[in-house]
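Scroll down for the structure; my scribbles are underneath it.
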Amino acid sequence: MIEHRVTEKMLAIINEQIDKMERDKKVDSVFVDAVVDFFETYADRTHHGKEEDVLFRELEGKNMSDKNTALMKELIEEHKSARTATLRLKEAKKEYLKGDDKAAGTMIGQLQFLTNLYPEHIMKEDKIFFPETENHFTTSELDEMLRKFTEFDSRIIHEKYNNLINNLKER
Ligand SMILES: [Fe+2]
Ligand SMILES: [Fe+2]
């Protein structure tokens, strides 16, 4: 939930920038790079990663209600759509830099998709899924899960920069 609050701050910034891009009829590609990095590394790898690889995996061994089992699938689908939108944003930015002006509209569209998707996704997790599934765990299981979250987070920075080195080598 702490990470949701950070994501909401990013969504507010994006919304302001969308207005500006539409007003000025141009896209700030450096801003788009920062947004792509945020969604790839923070929202997806770090945040969805802990949800899918730790919390959701642990919940698979629990007796969840049909409603929450369906909701978990829905949340995973929403993670996939966010991933696809980020990829499209990244591709459109490349086309834009090559001189394709139409790519500006694609970028704005994907940014709008992300700012529309996340508030509801976050609300479903904060208000329904997290509180309703938390009681499947004992206090010591919850403590253990927090430890796994911390361990998961500690790997990301190394993974990110190892990937950077590999990508730079391939250029
Ligand atoms: Fe999520
Ligand atoms: Fe989340």
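Simple scheme: letters A, B, ... for chains in structure tokens order, numbers from 1 for residues in each chain, numbers from 1 for ligands in the order shown.
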Check every protein, DNA and RNA residue against ligand 2, keep those with an atom at most 8 Å away (counting only C-alpha atoms and all ligand atoms), and present them as a PDB file with N, CA, C and O atoms, in the first residue's frame.
```
ATOM      1  N   MET A   1       0.833  -1.203   0.000  1.00  0.00           N
ATOM      2  CA  MET A   1       0.000   0.000   0.000  1.00  0.00           C
ATOM      3  C   MET A   1       0.873   1.261   0.000  1.00  0.00           C
ATOM      4  O   MET A   1       0.503   2.255  -0.614  1.00  0.00           O
ATOM      5  N   GLU A   3       3.613   1.539  -1.543  1.00  0.00           N
ATOM      6  CA  GLU A   3       4.034   1.705  -2.944  1.00  0.00           C
ATOM      7  C   GLU A   3       2.886   2.242  -3.804  1.00  0.00           C
ATOM      8  O   GLU A   3       3.132   2.949  -4.785  1.00  0.00           O
ATOM      9  N   HIS A   4       1.651   1.924  -3.446  1.00  0.00           N
ATOM     10  CA  HIS A   4       0.503   2.504  -4.161  1.00  0.00           C
ATOM     11  C   HIS A   4       0.499   4.027  -4.007  1.00  0.00           C
ATOM     12  O   HIS A   4       0.163   4.746  -4.950  1.00  0.00           O
ATOM     13  N   HIS A  47       6.938  -3.692  -7.770  1.00  0.00           N
ATOM     14  CA  HIS A  47       5.648  -3.769  -7.071  1.00  0.00           C
ATOM     15  C   HIS A  47       4.807  -4.976  -7.515  1.00  0.00           C
ATOM     16  O   HIS A  47       4.468  -5.827  -6.687  1.00  0.00           O
ATOM     17  N   HIS A  48       4.509  -5.071  -8.815  1.00  0.00           N
ATOM     18  CA  HIS A  48       3.750  -6.253  -9.273  1.00  0.00           C
ATOM     19  C   HIS A  48       4.554  -7.520  -8.988  1.00  0.00           C
ATOM     20  O   HIS A  48       3.970  -8.567  -8.732  1.00  0.00           O
ATOM     21  N   GLU A  51       3.789  -8.636  -5.595  1.00  0.00           N
ATOM     22  CA  GLU A  51       2.409  -9.150  -5.539  1.00  0.00           C
ATOM     23  C   GLU A  51       2.345 -10.541  -6.165  1.00  0.00           C
ATOM     24  O   GLU A  51       1.855 -11.488  -5.550  1.00  0.00           O
ATOM     25  N   HIS A 121      -7.365  -0.126 -10.110  1.00  0.00           N
ATOM     26  CA  HIS A 121      -6.593  -1.317  -9.730  1.00  0.00           C
ATOM     27  C   HIS A 121      -6.151  -1.203  -8.258  1.00  0.00           C
ATOM     28  O   HIS A 121      -6.306  -2.139  -7.473  1.00  0.00           O
ATOM     29  N   ILE A 122      -5.615  -0.042  -7.929  1.00  0.00           N
ATOM     30  CA  ILE A 122      -5.140   0.212  -6.566  1.00  0.00           C
ATOM     31  C   ILE A 122      -6.302   0.134  -5.574  1.00  0.00           C
ATOM     32  O   ILE A 122      -6.181  -0.458  -4.495  1.00  0.00           O
ATOM     33  N   GLU A 125      -7.236  -3.417  -4.800  1.00  0.00           N
ATOM     34  CA  GLU A 125      -6.279  -4.078  -3.900  1.00  0.00           C
ATOM     35  C   GLU A 125      -6.379  -3.536  -2.472  1.00  0.00           C
ATOM     36  O   GLU A 125      -6.454  -4.304  -1.511  1.00  0.00           O
ATOM     37  N   ASP A 126      -6.386  -2.197  -2.358  1.00  0.00           N
ATOM     38  CA  ASP A 126      -6.395  -1.586  -1.015  1.00  0.00           C
ATOM     39  C   ASP A 126      -7.684  -1.843  -0.244  1.00  0.00           C
ATOM     40  O   ASP A 126      -7.660  -2.062   0.964  1.00  0.00           O
TER      41      ASP A 126
END
```
Would you pick out the contacts of Ser81 (chain A) at 10 Å or less, using only C-alpha atoms, so that residues sharing its chain but fewer than 4 positions from it are not included, and give the list as a ChimeraX atom specification?
/A:75-77,85-87,113-114,117
Report, in Å with one decimal, the straight-line distance from CA of Glu91 (chain A) to CA of Ala104 (chain A).
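These two atoms are separated by 11.2 Å.
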Do you know which residues are at most 9 Å from region 34-40 of chain A counting only C-alpha atoms, after dropping those on the same chain fewer than 6 positions away, and could you put them as a ChimeraX atom specification?
/A:7,10,14,46,82-83,86-87,89-90,111
May I ask which of the residues A:Lys67, A:Lys73, A:Lys160, A:Lys20 is the closest one to ligand 1, counting only C-alpha atoms and all ligand atoms?
A:Lys73
Which residues are close to Lys124 (chain A), i.e. within 10 Å by only C-alpha atoms, leaving aside same-chain residues fewer than 5 positions away? Reply as a short mmCIF file (atom, residue, chain, number, x, y, z; two decimals) with N, CA, C and O atoms, in the first residue's frame.
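Result file is result_0.cif:
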```cif
data_model
loop_
_atom_site.label_atom_id
_atom_site.label_comp_id
_atom_site.auth_asym_id
_atom_site.auth_seq_id
_atom_site.Cartn_x
_atom_site.Cartn_y
_atom_site.Cartn_z
N LEU A 71 -10.94 -12.33 -8.49
CA LEU A 71 -10.34 -10.99 -8.40
C LEU A 71 -8.83 -11.06 -8.62
O LEU A 71 -8.25 -10.20 -9.30
N MET A 72 -8.18 -12.09 -8.06
CA MET A 72 -6.73 -12.22 -8.23
C MET A 72 -6.39 -12.36 -9.72
O MET A 72 -5.44 -11.75 -10.20
N GLU A 74 -8.13 -11.21 -12.18
CA GLU A 74 -8.39 -9.90 -12.77
C GLU A 74 -7.19 -8.97 -12.52
O GLU A 74 -6.76 -8.24 -13.42
N LEU A 75 -6.66 -9.01 -11.31
CA LEU A 75 -5.52 -8.15 -10.97
C LEU A 75 -4.31 -8.52 -11.83
O LEU A 75 -3.59 -7.64 -12.32
N TYR A 118 -4.75 2.49 -13.29
CA TYR A 118 -4.19 2.30 -11.94
C TYR A 118 -5.09 2.70 -10.77
O TYR A 118 -5.14 1.96 -9.79
N PRO A 119 -5.79 3.86 -10.83
CA PRO A 119 -6.57 4.21 -9.63
C PRO A 119 -7.56 3.11 -9.24
O PRO A 119 -7.68 2.77 -8.06
N PHE A 129 -9.07 -6.64 -2.01
CA PHE A 129 -8.24 -7.85 -2.05
C PHE A 129 -7.28 -7.98 -0.85
O PHE A 129 -7.22 -9.04 -0.23
N PHE A 130 -6.54 -6.93 -0.53
CA PHE A 130 -5.58 -7.04 0.58
C PHE A 130 -6.29 -7.27 1.91
O PHE A 130 -5.95 -8.23 2.63
#
```
Considering only C-alpha atoms and all ligand atoms, can you say which of A:Lys80, A:Glu60, A:Asp66, A:Leu11 comes closest to ligand 1?
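Nearest candidate to ligand 1 out of A:Lys80, A:Glu60, A:Asp66, A:Leu11: A:Lys80.
Residues lying within 10 Å of region 149-153 of chain A, counting only C-alpha atoms and ignoring same-chain neighbours fewer than 4 positions away, are Tyr42, Arg45, Thr46, His47, Gly49, Lys50, Glu51, Asp53, Val54, Leu55, Asp143, Glu144, Met145, Ile157 and His158 of chain A.
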Which of these, A:Gly61, A:Met21, A:Lys93, A:Thr41, has the shortest distance to Arg155 (chain A) once you count only C-alpha atoms?
A:Thr41
For the alpha helix (DSSP H) assignment from backbone DSSP, which residues of region 33-116 of chain A qualify? Please present them as a VMD selection string.
chain A and resid 33 to 37 49 to 50 57 to 60 66 to 97 102 to 116
